[in-house]
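Participant: My structure is stored as coords_13.cif, with mmCIF, C-alpha atoms.
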```
data_data
loop_
_atom_site.group_PDB
_atom_site.id
_atom_site.type_symbol
_atom_site.label_atom_id
_atom_site.label_comp_id
_atom_site.auth_asym_id
_atom_site.auth_seq_id
_atom_site.Cartn_x
_atom_site.Cartn_y
_atom_site.Cartn_z
ATOM 1 C CA MET A 103 -16.612 -59.678 -76.615
ATOM 2 C CA SER A 104 -15.578 -56.121 -76.079
ATOM 3 C CA PRO A 105 -16.485 -54.433 -72.802
ATOM 4 C CA ARG A 106 -19.251 -51.874 -73.050
ATOM 5 C CA THR A 107 -19.865 -48.759 -71.048
ATOM 6 C CA ILE A 108 -23.538 -48.448 -72.101
ATOM 7 C CA TRP A 109 -26.086 -51.203 -72.806
ATOM 8 C CA GLN A 110 -29.557 -50.180 -74.008
ATOM 9 C CA GLY A 111 -29.067 -46.796 -72.361
ATOM 10 C CA VAL A 112 -27.878 -48.315 -69.067
ATOM 11 C CA PRO A 113 -24.403 -47.391 -67.743
ATOM 12 C CA MET A 114 -22.416 -50.559 -67.135
ATOM 13 C CA SER A 115 -20.284 -49.043 -64.387
ATOM 14 C CA THR A 116 -22.547 -50.003 -61.470
ATOM 15 C CA SER A 117 -20.752 -51.443 -58.446
ATOM 16 C CA LYS A 118 -22.521 -54.772 -59.018
ATOM 17 C CA GLY A 119 -21.486 -55.041 -62.682
ATOM 18 C CA ARG A 120 -23.017 -55.229 -66.116
ATOM 19 C CA PHE A 121 -25.258 -58.257 -65.576
ATOM 20 C CA PHE A 122 -26.831 -56.672 -62.517
ATOM 21 C CA ALA A 123 -27.456 -53.469 -64.494
ATOM 22 C CA ILE A 124 -29.047 -55.461 -67.321
ATOM 23 C CA ALA A 125 -31.216 -57.419 -64.867
ATOM 24 C CA LEU A 126 -32.428 -54.149 -63.309
ATOM 25 C CA LYS A 127 -33.105 -52.619 -66.746
ATOM 26 C CA THR A 128 -35.062 -55.727 -67.756
ATOM 27 C CA GLU A 129 -37.071 -55.558 -64.530
ATOM 28 C CA SER A 130 -37.741 -51.830 -65.053
ATOM 29 C CA ASP A 131 -39.004 -52.687 -68.548
ATOM 30 C CA GLY A 132 -41.652 -54.809 -66.811
ATOM 31 C CA TYR A 133 -40.203 -58.314 -67.028
ATOM 32 C CA PRO A 134 -39.485 -60.580 -64.065
ATOM 33 C CA VAL A 135 -35.932 -61.957 -64.031
ATOM 34 C CA PHE A 136 -33.982 -64.810 -62.474
ATOM 35 C CA PRO A 137 -30.283 -65.715 -62.567
ATOM 36 C CA LEU A 138 -28.791 -68.265 -64.925
ATOM 37 C CA LYS A 139 -25.413 -69.910 -64.434
ATOM 38 C CA PRO A 140 -22.589 -67.621 -65.596
ATOM 39 C CA GLY A 141 -21.827 -68.345 -69.238
ATOM 40 C CA GLY A 142 -24.811 -70.694 -69.488
ATOM 41 C CA LYS A 143 -28.544 -71.113 -69.904
ATOM 42 C CA THR A 144 -29.338 -73.175 -66.792
ATOM 43 C CA PRO A 145 -31.072 -71.576 -63.788
ATOM 44 C CA ILE A 146 -28.888 -71.197 -60.710
ATOM 45 C CA HIS A 147 -31.653 -71.814 -58.169
ATOM 46 C CA ILE A 148 -33.933 -74.767 -57.575
ATOM 47 C CA GLY A 149 -37.299 -73.685 -58.917
ATOM 48 C CA GLY A 150 -35.713 -72.128 -62.006
ATOM 49 C CA PHE A 151 -37.960 -69.686 -63.817
ATOM 50 C CA HIS A 152 -40.599 -70.065 -61.101
ATOM 51 C CA THR A 153 -38.335 -67.928 -58.873
ATOM 52 C CA ALA A 154 -38.417 -64.981 -61.314
ATOM 53 C CA THR A 155 -39.208 -61.662 -59.697
ATOM 54 C CA ARG A 156 -39.452 -57.918 -60.185
ATOM 55 C CA ASP A 157 -38.382 -57.329 -56.574
ATOM 56 C CA GLU A 158 -35.285 -55.114 -56.771
ATOM 57 C CA GLU A 159 -33.952 -56.284 -53.386
ATOM 58 C CA GLN A 160 -34.060 -59.927 -54.476
ATOM 59 C CA ILE A 161 -32.432 -59.070 -57.812
ATOM 60 C CA ARG A 162 -29.689 -57.136 -55.979
ATOM 61 C CA GLU A 163 -29.077 -60.118 -53.668
ATOM 62 C CA TRP A 164 -28.906 -62.633 -56.525
ATOM 63 C CA TRP A 165 -26.433 -60.574 -58.566
ATOM 64 C CA THR A 166 -24.356 -59.681 -55.481
ATOM 65 C CA ILE A 167 -23.840 -63.408 -54.872
ATOM 66 C CA ASN A 168 -23.409 -64.206 -58.600
ATOM 67 C CA PRO A 169 -22.259 -61.016 -60.359
ATOM 68 C CA ASN A 170 -21.630 -62.842 -63.657
ATOM 69 C CA ALA A 171 -24.998 -64.615 -63.740
ATOM 70 C CA ASN A 172 -26.828 -64.435 -67.043
ATOM 71 C CA ILE A 173 -30.383 -63.122 -67.123
ATOM 72 C CA GLY A 174 -33.389 -65.385 -67.612
ATOM 73 C CA VAL A 175 -36.918 -64.162 -68.295
ATOM 74 C CA PRO A 176 -39.913 -66.501 -67.974
ATOM 75 C CA THR A 177 -42.321 -66.587 -70.879
ATOM 76 C CA GLY A 178 -46.097 -66.728 -70.916
ATOM 77 C CA THR A 179 -48.654 -65.209 -68.598
ATOM 78 C CA VAL A 180 -46.174 -64.329 -65.829
ATOM 79 C CA SER A 181 -44.136 -61.968 -68.058
ATOM 80 C CA GLY A 182 -46.723 -61.116 -70.692
ATOM 81 C CA ILE A 183 -44.526 -62.336 -73.564
ATOM 82 C CA THR A 184 -44.282 -65.316 -75.857
ATOM 83 C CA VAL A 185 -41.072 -65.883 -77.784
ATOM 84 C CA VAL A 186 -40.776 -67.449 -81.228
ATOM 85 C CA ASP A 187 -37.281 -68.967 -81.069
ATOM 86 C CA VAL A 188 -35.918 -69.169 -84.615
ATOM 87 C CA ASP A 189 -32.759 -71.275 -84.964
ATOM 88 C CA GLY A 190 -30.418 -70.283 -87.770
ATOM 89 C CA GLU A 191 -31.075 -70.114 -91.498
ATOM 90 C CA GLU A 192 -33.287 -73.219 -91.409
ATOM 91 C CA GLY A 193 -35.617 -71.604 -88.875
ATOM 92 C CA THR A 194 -35.667 -68.324 -90.778
ATOM 93 C CA GLU A 195 -36.632 -70.186 -93.942
ATOM 94 C CA SER A 196 -39.373 -72.111 -92.073
ATOM 95 C CA ILE A 197 -40.870 -68.814 -90.847
ATOM 96 C CA ARG A 198 -40.551 -67.273 -94.320
ATOM 97 C CA GLN A 199 -42.352 -70.207 -95.958
ATOM 98 C CA ALA A 200 -45.058 -70.572 -93.295
ATOM 99 C CA PHE A 201 -45.925 -66.872 -93.334
ATOM 100 C CA LYS A 202 -45.207 -65.879 -96.947
ATOM 101 C CA ASP A 203 -48.832 -64.831 -97.522
ATOM 102 C CA SER A 204 -49.352 -63.208 -94.123
ATOM 103 C CA PRO A 205 -46.084 -62.162 -92.460
ATOM 104 C CA LEU A 206 -45.722 -61.971 -88.713
ATOM 105 C CA PRO A 207 -45.948 -58.401 -87.408
ATOM 106 C CA PRO A 208 -42.647 -56.591 -86.782
ATOM 107 C CA THR A 209 -41.655 -56.786 -83.124
ATOM 108 C CA ARG A 210 -38.710 -56.669 -80.745
ATOM 109 C CA VAL A 211 -36.001 -59.139 -81.783
ATOM 110 C CA HIS A 212 -33.027 -60.461 -79.833
ATOM 111 C CA GLU A 213 -30.210 -62.173 -81.701
ATOM 112 C CA THR A 214 -28.826 -65.340 -80.135
ATOM 113 C CA PRO A 215 -25.113 -66.185 -80.210
ATOM 114 C CA HIS A 216 -25.581 -68.995 -82.724
ATOM 115 C CA GLU A 217 -27.255 -67.138 -85.618
ATOM 116 C CA GLY A 218 -30.769 -67.430 -84.249
ATOM 117 C CA ASN A 219 -33.393 -64.895 -83.263
ATOM 118 C CA HIS A 220 -35.949 -64.502 -80.489
ATOM 119 C CA LEU A 221 -39.074 -62.796 -81.876
ATOM 120 C CA ILE A 222 -40.791 -61.391 -78.806
ATOM 121 C CA TYR A 223 -44.572 -60.998 -78.904
ATOM 122 C CA VAL A 224 -47.261 -60.009 -76.425
ATOM 123 C CA HIS A 225 -48.478 -63.195 -74.768
ATOM 124 C CA ASP A 226 -51.809 -64.574 -75.894
ATOM 125 C CA PRO A 227 -53.235 -67.657 -74.130
ATOM 126 C CA LEU A 228 -53.679 -69.292 -77.544
ATOM 127 C CA PHE A 229 -49.885 -69.612 -77.851
ATOM 128 C CA HIS A 230 -48.695 -73.075 -76.866
ATOM 129 C CA GLY A 231 -45.094 -73.654 -75.822
ATOM 130 C CA ARG A 232 -43.549 -76.445 -77.839
ATOM 131 C CA ASN A 233 -40.456 -77.392 -79.748
ATOM 132 C CA GLY A 234 -40.592 -78.126 -83.444
ATOM 133 C CA SER A 235 -43.865 -76.428 -84.443
ATOM 134 C CA LEU A 236 -41.926 -75.596 -87.574
ATOM 135 C CA ASN A 237 -38.515 -76.895 -88.603
ATOM 136 C CA HIS A 238 -35.939 -75.217 -86.293
ATOM 137 C CA VAL A 239 -38.605 -73.041 -84.616
ATOM 138 C CA ASP A 240 -39.660 -73.365 -80.974
ATOM 139 C CA ILE A 241 -42.392 -71.511 -79.104
ATOM 140 C CA LYS A 242 -41.555 -70.337 -75.589
ATOM 141 C CA SER A 243 -44.752 -69.576 -73.694
ATOM 142 C CA ASP A 244 -46.306 -70.663 -70.379
ATOM 143 C CA GLY A 245 -43.870 -73.015 -68.668
ATOM 144 C CA GLY A 246 -40.769 -71.753 -70.437
ATOM 145 C CA TYR A 247 -38.078 -69.098 -70.358
ATOM 146 C CA VAL A 248 -35.489 -67.418 -72.534
ATOM 147 C CA VAL A 249 -31.963 -66.142 -72.048
ATOM 148 C CA TRP A 250 -32.262 -62.334 -72.221
ATOM 149 C CA ALA A 251 -30.199 -59.940 -74.326
ATOM 150 C CA GLY A 252 -26.955 -58.944 -72.636
ATOM 151 C CA SER A 253 -26.305 -62.483 -71.406
ATOM 152 C CA VAL A 254 -23.200 -64.312 -72.639
ATOM 153 C CA VAL A 255 -23.124 -68.007 -73.596
ATOM 154 C CA ASP A 256 -20.046 -69.748 -74.985
ATOM 155 C CA GLY A 257 -18.279 -66.381 -74.952
ATOM 156 C CA LYS A 258 -20.894 -64.867 -77.284
ATOM 157 C CA GLU A 259 -23.482 -62.264 -76.338
ATOM 158 C CA TYR A 260 -27.238 -62.245 -76.862
ATOM 159 C CA THR A 261 -27.963 -58.831 -78.405
ATOM 160 C CA VAL A 262 -30.922 -56.614 -79.235
ATOM 161 C CA LEU A 263 -31.255 -56.804 -83.007
ATOM 162 C CA ARG A 264 -34.487 -54.811 -83.337
ATOM 163 C CA ASP A 265 -35.271 -52.450 -80.458
ATOM 164 C CA ARG A 266 -38.963 -51.722 -80.779
ATOM 165 C CA PRO A 267 -42.094 -52.279 -78.737
ATOM 166 C CA VAL A 268 -43.281 -55.843 -78.326
ATOM 167 C CA ALA A 269 -46.081 -56.424 -80.851
ATOM 168 C CA SER A 270 -49.305 -58.384 -80.580
ATOM 169 C CA ILE A 271 -50.322 -61.012 -83.088
ATOM 170 C CA GLU A 272 -53.983 -60.308 -83.885
ATOM 171 C CA ASP A 273 -54.810 -63.922 -84.700
ATOM 172 C CA VAL A 274 -52.338 -66.459 -83.319
ATOM 173 C CA PRO A 275 -51.450 -68.774 -86.240
ATOM 174 C CA LEU A 276 -52.607 -72.379 -85.949
ATOM 175 C CA VAL A 277 -48.988 -73.602 -86.094
ATOM 176 C CA PHE A 278 -48.377 -71.823 -82.746
ATOM 177 C CA ARG A 279 -51.522 -73.205 -81.043
ATOM 178 C CA LYS A 280 -52.060 -76.282 -78.871
ATOM 179 C CA GLN A 281 -54.442 -77.818 -81.413
ATOM 180 C CA TYR A 282 -51.736 -77.871 -84.090
ATOM 181 C CA ARG A 283 -50.490 -81.297 -85.052
ATOM 182 C CA PRO A 284 -47.564 -81.321 -87.466
ATOM 183 C CA LEU A 285 -47.908 -83.585 -90.473
ATOM 184 C CA THR A 286 -45.738 -86.650 -90.108
ATOM 185 C CA GLN A 287 -44.120 -88.448 -92.962
ATOM 186 C CA ALA A 288 -44.963 -92.117 -93.409
#
```
Using structure tokens, write down the structure that the file contains.
Facilitator:
Amino acid sequence: MSPRTIWQGVPMSTSKGRFFAIALKTESDGYPVFPLKPGGKTPIHIGGFHTATRDEEQIREWWTINPNANIGVPTGTVSGITVVDVDGEEGTESIRQAFKDSPLPPTRVHETPHEGNHLIYVHDPLFHGRNGSLNHVDIKSDGGYVVWAGSVVDGKEYTVLRDRPVASIEDVPLVFRKQYRPLTQA
């Protein structure tokens, strides 16, 4: 990972460091944040994503104590986003097949360090957080969180792949809803 001087228009030369600057930028974009263990995906504090805040003083305190903490963002009602977590080529193919006749709308996309993508959509209460709705595709909604772009896991950075406004899905697909029951093989 090469050091950066600018991330998403934010100078990385703040006295608190790059992760603090990214956490503040994320908060200013309207998303509550909370610290994750440096280099990892696990929340630092008891309460995890429930501690997420947009309070700049709290954010400053957290990243003063843990300047290398990654950034977590809760999903669902609290942040206004739901994330379709697509893992690798298998997940991409699952999305392609499931939505070949009616593609998902273009939206903001973060690339994960292990060839995956986070498709970030405006939260709709019809979304249901679950793993395995499709092969290698998880839905992060109420009761979940994601590692935010700029964080580093296993020495690799989460990055913004498509920087655009977060889109709405007009009609949440059945496969992303609570009522959906995947077909099981006998």
Participant: Between A:Lys258, A:Arg264, A:Lys143, A:His212, single out the one closest to Asp187 (chain A), counting only C-alpha atoms.
Facilitator: A:His212
Participant: To verify the selection step, state as a PDB file with C-alpha atoms, keeping the file's coordinate frame which residues the PyMOL selection byres ((chain A and resi 200) around 12) yields on this input.
Facilitator:
```pdb
ATOM      1  CA  GLY A 193     -35.617 -71.604 -88.875  1.00  0.00           C
ATOM      2  CA  THR A 194     -35.667 -68.324 -90.778  1.00  0.00           C
ATOM      3  CA  GLU A 195     -36.632 -70.186 -93.942  1.00  0.00           C
ATOM      4  CA  SER A 196     -39.373 -72.111 -92.073  1.00  0.00           C
ATOM      5  CA  ILE A 197     -40.870 -68.814 -90.847  1.00  0.00           C
ATOM      6  CA  ARG A 198     -40.551 -67.273 -94.320  1.00  0.00           C
ATOM      7  CA  GLN A 199     -42.352 -70.207 -95.958  1.00  0.00           C
ATOM      8  CA  PHE A 201     -45.925 -66.872 -93.334  1.00  0.00           C
ATOM      9  CA  LYS A 202     -45.207 -65.879 -96.947  1.00  0.00           C
ATOM     10  CA  ASP A 203     -48.832 -64.831 -97.522  1.00  0.00           C
ATOM     11  CA  SER A 204     -49.352 -63.208 -94.123  1.00  0.00           C
ATOM     12  CA  PRO A 205     -46.084 -62.162 -92.460  1.00  0.00           C
ATOM     13  CA  LEU A 206     -45.722 -61.971 -88.713  1.00  0.00           C
ATOM     14  CA  SER A 235     -43.865 -76.428 -84.443  1.00  0.00           C
ATOM     15  CA  LEU A 236     -41.926 -75.596 -87.574  1.00  0.00           C
ATOM     16  CA  ASN A 237     -38.515 -76.895 -88.603  1.00  0.00           C
ATOM     17  CA  VAL A 239     -38.605 -73.041 -84.616  1.00  0.00           C
ATOM     18  CA  PRO A 275     -51.450 -68.774 -86.240  1.00  0.00           C
ATOM     19  CA  LEU A 276     -52.607 -72.379 -85.949  1.00  0.00           C
ATOM     20  CA  VAL A 277     -48.988 -73.602 -86.094  1.00  0.00           C
ATOM     21  CA  PHE A 278     -48.377 -71.823 -82.746  1.00  0.00           C
TER      22      PHE A 278
END
```
Participant: Using the chain letters and numbering of this document, enumerate as a list in words the residues selected by the PyMOL selection byres ((chain A and resi 227-231) around 6).
Facilitator: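 For this structure, the PyMOL selection byres ((chain A and resi 227-231) around 6) resolves to Asp226, Arg232, Ile241, Lys242, Ser243, Phe278, Arg279 and Lys280 of chain A.
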Participant: How would the residues just picked look written out with C-alpha atoms as a short mmCIF file (atom, residue, chain, number, x, y, z; two decimals), keeping the file's coordinate frame?
Facilitator:
```
data_model
loop_
_atom_site.label_atom_id
_atom_site.label_comp_id
_atom_site.auth_asym_id
_atom_site.auth_seq_id
_atom_site.Cartn_x
_atom_site.Cartn_y
_atom_site.Cartn_z
CA ASP A 226 -51.81 -64.57 -75.89
CA ARG A 232 -43.55 -76.44 -77.84
CA ILE A 241 -42.39 -71.51 -79.10
CA LYS A 242 -41.56 -70.34 -75.59
CA SER A 243 -44.75 -69.58 -73.69
CA PHE A 278 -48.38 -71.82 -82.75
CA ARG A 279 -51.52 -73.20 -81.04
CA LYS A 280 -52.06 -76.28 -78.87
#
```
Participant: Could you pull the residues within 10 Å of Ala154 (chain A), counting only C-alpha atoms, minus those fewer than 2 positions along the same chain, as a list in words?
Facilitator: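 The residues that qualify are Tyr133, Pro134, Val135, Phe136, Pro137, Gly149, Gly150, Phe151, His152, Arg156, Asp157, Gln160, Ile161, Gly174, Val175, Pro176, Val180, Ser181 and Tyr247 of chain A.
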Participant: Quick one: distance from CA of Trp165 (chain A) to CA of Thr128 (chain A) in Å, one decimal?
Facilitator: 13.5 Å
Participant: Between CA of Thr214 (chain A) and CA of Asp189 (chain A), measure the distance and give it in Å to one decimal.
Facilitator: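 According to the coordinates, CA of Thr214 (chain A) and CA of Asp189 (chain A) are separated by 8.6 Å.
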Participant: When distances are computed from only C-alpha atoms, which of A:Pro208, A:Gly252, A:Pro267, A:Gly246 shows the smallest separation from Pro145 (chain A)?
Facilitator: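 Of A:Pro208, A:Gly252, A:Pro267, A:Gly246, the one nearest Pro145 (chain A) is A:Gly246, counting only C-alpha atoms.
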Participant: Residues at most 10 Å from Asn168 (chain A), counting only C-alpha atoms, excluding those fewer than 5 positions away in the same chain, as number ranges by chain?
Facilitator: A: 118, 121-122, 137-140, 146, 162-163
Participant: What are the centre and the three edge lengths of an axis-aligned box that wraps all atoms of region 162-170 of chain A in the file, given that 6 Å is added to every side, written as lines of an AutoDock Vina configuration file and rounded to one decimal in Å?
Facilitator:
```
center_x = -25.7
center_y = -60.7
center_z = -58.7
size_x = 20.1
size_y = 19.1
size_z = 22.0
```
Participant: State, in Å with one decimal place, the distance from CA of Tyr223 (chain A) to CA of Thr261 (chain A).
Facilitator: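 Taking CA of Tyr223 (chain A) and CA of Thr261 (chain A), their separation equals 16.8 Å.
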Participant: Residues within 7 Å of (-48.5, -58.3, -71.5), file coordinates, counting all atoms listed in the file: what are they? Give the list as a ChimeraX atom specification.
Facilitator: /A:181-183,224-225
Participant: For Glu213 (chain A), list every protein, DNA or RNA residue within 9 Å, evaluated using all atoms listed in the file, and leave out those in the same chain fewer than 4 positions away; present the list as a list in words.
Facilitator: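 Listed by chain and then number, they are Glu217, Gly218, Asn219, His220, Leu221, Ala251, Glu259, Tyr260, Thr261, Val262, Leu263 and Arg264 of chain A.
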